[in-house]
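Below you'll find the structure, written out as structure tokens, and then a few comments.
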Amino acid sequence: MGAGPKIVVGELDSDNTTFKVGLDYHFNDDIMAFFTFSQGVKAGEFGARAASTITAGPTDDEESDSYELGIKSELMDGRLRINATAFHTSFKNLQFGVFVPNPALPSGQETVNQNIGEATNKGFELEVT
């Protein structure tokens, strides 16, 4: 049977306020443009899968800023719908499970939750029906 529970000593304090703002403009009854900005936070954490107290964490809070710009339309008496949205999200302190060597485990490795840096997600969505 394996070793008993480990005592992890550390501090994790997360106190955040985020917001979302959106604007829309109706060109007419059939065409509307919009813009949104929102912030997000994923609180830091202690790694539940850590095999040692050294790799248990905690991680810093992950933060994101997200922008969307788009248009929605119903044309030809509702027979044609065209919606298009461009989006961009920037992440800071991205949290990610990383494999690290640990010769003390049968698998030779463990998963450690870490802040791995920054990331960006961007794209475009088009709907035509």
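Naming works like this for the structure tokens: A, B, ... for the chains as they're shown, residue 1 at the start of each chain, ligands 1 onward in shown order.
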
Find the spatial neighbours of Phe35 (chain A), counting only C-alpha atoms, within a cut-off of 8 Å - ignore same-chain residues fewer than 3 positions away - and output them as number ranges by chain. A: 22-24, 67-70

Within chain A, find each residue whose DSSP state, derived from the backbone, is strand (DSSP E or B), and express the selection as a PyMOL selection string. chain A and resi 20-26+31-42+62-75+80-92+95-101+109-115+119-128

Contact check, region 27-50 of chain A to region 85-96 of chain A, at most 10 Å, counting only C-alpha atoms, closest pairs as CSV:
residue,atom,partner,partner_atom,distance
A:Ala33,CA,A:Thr85,CA,9.6
A:Phe34,CA,A:Thr85,CA,9.0
A:Phe35,CA,A:Thr85,CA,9.4
A:Thr36,CA,A:Phe87,CA,9.5
A:Phe37,CA,A:Thr89,CA,9.7
A:Ser38,CA,A:Thr89,CA,9.3
A:Gln39,CA,A:Thr89,CA,9.3
A:Gly40,CA,A:Phe91,CA,9.1
A:Val41,CA,A:Phe91,CA,9.4
A:Lys42,CA,A:Gln95,CA,8.5
A:Ala43,CA,A:Gln95,CA,9.5
A:Gly44,CA,A:Gln95,CA,8.1
A:Glu45,CA,A:Gln95,CA,9.1

For Pro101 (chain A), the nearest of the candidates A:Thr59, A:Leu80, A:Ser52, A:Val21, counting only C-alpha atoms: A:Ser52

Taking 3 positions as the minimum chain separation for residues in the same chain, which residues sit within 10 Å of Val112 (chain A) when counting only C-alpha atoms? Answer as an NGL selection string. :A and (46-52 or 54-57 or 59 or 96-100 or 109 or 115)

Take the residues just selected and output them with N, CA, C and O atoms as a PDB file, in the first residue's frame.
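Output contents, as saved in selection-v2.pdb:
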ATOM      1  N   PHE A  46      -4.030  24.479  -6.021  1.00  0.00           N
ATOM      2  CA  PHE A  46      -3.046  23.479  -5.648  1.00  0.00           C
ATOM      3  C   PHE A  46      -3.292  22.276  -6.538  1.00  0.00           C
ATOM      4  O   PHE A  46      -4.435  21.906  -6.795  1.00  0.00           O
ATOM      5  N   GLY A  47      -2.238  21.675  -7.045  1.00  0.00           N
ATOM      6  CA  GLY A  47      -2.371  20.560  -7.982  1.00  0.00           C
ATOM      7  C   GLY A  47      -2.890  19.302  -7.311  1.00  0.00           C
ATOM      8  O   GLY A  47      -2.214  18.709  -6.470  1.00  0.00           O
ATOM      9  N   ALA A  48      -4.082  18.873  -7.680  1.00  0.00           N
ATOM     10  CA  ALA A  48      -4.695  17.689  -7.079  1.00  0.00           C
ATOM     11  C   ALA A  48      -3.975  16.405  -7.458  1.00  0.00           C
ATOM     12  O   ALA A  48      -4.063  15.407  -6.746  1.00  0.00           O
ATOM     13  N   ARG A  49      -3.242  16.413  -8.570  1.00  0.00           N
ATOM     14  CA  ARG A  49      -2.540  15.197  -9.017  1.00  0.00           C
ATOM     15  C   ARG A  49      -1.061  15.202  -8.675  1.00  0.00           C
ATOM     16  O   ARG A  49      -0.330  14.308  -9.086  1.00  0.00           O
ATOM     17  N   ALA A  50      -0.607  16.194  -7.910  1.00  0.00           N
ATOM     18  CA  ALA A  50       0.815  16.264  -7.558  1.00  0.00           C
ATOM     19  C   ALA A  50       1.173  15.081  -6.663  1.00  0.00           C
ATOM     20  O   ALA A  50       0.412  14.690  -5.785  1.00  0.00           O
ATOM     21  N   ALA A  51       2.346  14.525  -6.894  1.00  0.00           N
ATOM     22  CA  ALA A  51       2.787  13.369  -6.111  1.00  0.00           C
ATOM     23  C   ALA A  51       3.698  13.769  -4.957  1.00  0.00           C
ATOM     24  O   ALA A  51       4.066  12.920  -4.155  1.00  0.00           O
ATOM     25  N   SER A  52       4.060  15.032  -4.884  1.00  0.00           N
ATOM     26  CA  SER A  52       4.918  15.468  -3.787  1.00  0.00           C
ATOM     27  C   SER A  52       4.508  16.871  -3.355  1.00  0.00           C
ATOM     28  O   SER A  52       3.837  17.591  -4.091  1.00  0.00           O
ATOM     29  N   ILE A  54       6.404  19.336  -3.072  1.00  0.00           N
ATOM     30  CA  ILE A  54       7.164  20.324  -3.842  1.00  0.00           C
ATOM     31  C   ILE A  54       6.414  20.722  -5.107  1.00  0.00           C
ATOM     32  O   ILE A  54       6.425  21.879  -5.515  1.00  0.00           O
ATOM     33  N   THR A  55       5.745  19.779  -5.724  1.00  0.00           N
ATOM     34  CA  THR A  55       5.061  20.054  -6.997  1.00  0.00           C
ATOM     35  C   THR A  55       3.579  20.367  -6.823  1.00  0.00           C
ATOM     36  O   THR A  55       2.862  20.520  -7.805  1.00  0.00           O
ATOM     37  N   ALA A  56       3.099  20.506  -5.610  1.00  0.00           N
ATOM     38  CA  ALA A  56       1.668  20.721  -5.360  1.00  0.00           C
ATOM     39  C   ALA A  56       1.200  22.132  -5.679  1.00  0.00           C
ATOM     40  O   ALA A  56       0.021  22.379  -5.811  1.00  0.00           O
ATOM     41  N   GLY A  57       2.101  23.095  -5.792  1.00  0.00           N
ATOM     42  CA  GLY A  57       1.669  24.450  -6.146  1.00  0.00           C
ATOM     43  C   GLY A  57       1.788  25.401  -4.985  1.00  0.00           C
ATOM     44  O   GLY A  57       2.580  25.170  -4.084  1.00  0.00           O
ATOM     45  N   THR A  59      -0.632  27.590  -8.091  1.00  0.00           N
ATOM     46  CA  THR A  59      -0.433  28.389  -9.293  1.00  0.00           C
ATOM     47  C   THR A  59      -1.012  29.779  -9.062  1.00  0.00           C
ATOM     48  O   THR A  59      -1.827  29.988  -8.163  1.00  0.00           O
ATOM     49  N   PHE A  96      -1.704  25.078 -16.852  1.00  0.00           N
ATOM     50  CA  PHE A  96      -1.628  23.909 -17.717  1.00  0.00           C
ATOM     51  C   PHE A  96      -0.980  22.760 -16.952  1.00  0.00           C
ATOM     52  O   PHE A  96      -0.078  22.974 -16.150  1.00  0.00           O
ATOM     53  N   GLY A  97      -1.444  21.555 -17.201  1.00  0.00           N
ATOM     54  CA  GLY A  97      -0.827  20.367 -16.616  1.00  0.00           C
ATOM     55  C   GLY A  97       0.409  19.982 -17.406  1.00  0.00           C
ATOM     56  O   GLY A  97       0.342  19.758 -18.609  1.00  0.00           O
ATOM     57  N   VAL A  98       1.545  19.917 -16.725  1.00  0.00           N
ATOM     58  CA  VAL A  98       2.828  19.632 -17.370  1.00  0.00           C
ATOM     59  C   VAL A  98       3.389  18.335 -16.789  1.00  0.00           C
ATOM     60  O   VAL A  98       3.370  18.139 -15.569  1.00  0.00           O
ATOM     61  N   PHE A  99       3.877  17.442 -17.647  1.00  0.00           N
ATOM     62  CA  PHE A  99       4.514  16.214 -17.180  1.00  0.00           C
ATOM     63  C   PHE A  99       5.961  16.509 -16.797  1.00  0.00           C
ATOM     64  O   PHE A  99       6.699  17.123 -17.571  1.00  0.00           O
ATOM     65  N   VAL A 100       6.362  16.066 -15.610  1.00  0.00           N
ATOM     66  CA  VAL A 100       7.749  16.228 -15.161  1.00  0.00           C
ATOM     67  C   VAL A 100       8.252  14.876 -14.666  1.00  0.00           C
ATOM     68  O   VAL A 100       7.476  14.053 -14.172  1.00  0.00           O
ATOM     69  N   GLN A 109       6.971   9.625 -13.855  1.00  0.00           N
ATOM     70  CA  GLN A 109       6.599  11.013 -14.102  1.00  0.00           C
ATOM     71  C   GLN A 109       5.366  11.371 -13.285  1.00  0.00           C
ATOM     72  O   GLN A 109       4.671  10.504 -12.770  1.00  0.00           O
ATOM     73  N   ASN A 115       1.790  27.632 -14.185  1.00  0.00           N
ATOM     74  CA  ASN A 115       1.518  28.766 -15.072  1.00  0.00           C
ATOM     75  C   ASN A 115       2.578  28.716 -16.157  1.00  0.00           C
ATOM     76  O   ASN A 115       3.768  28.783 -15.865  1.00  0.00           O
TER      77      ASN A 115
END

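Using only C-alpha atoms, the shortest contact distance between Asp13 (chain A) and any of A:Gly78, A:Pro58, A:Gly108, A:Gly117 is found at A:Pro58.
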
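Straight-line separation from CA of Ser64 (chain A) to CA of Phe124 (chain A): 18.4 Å.
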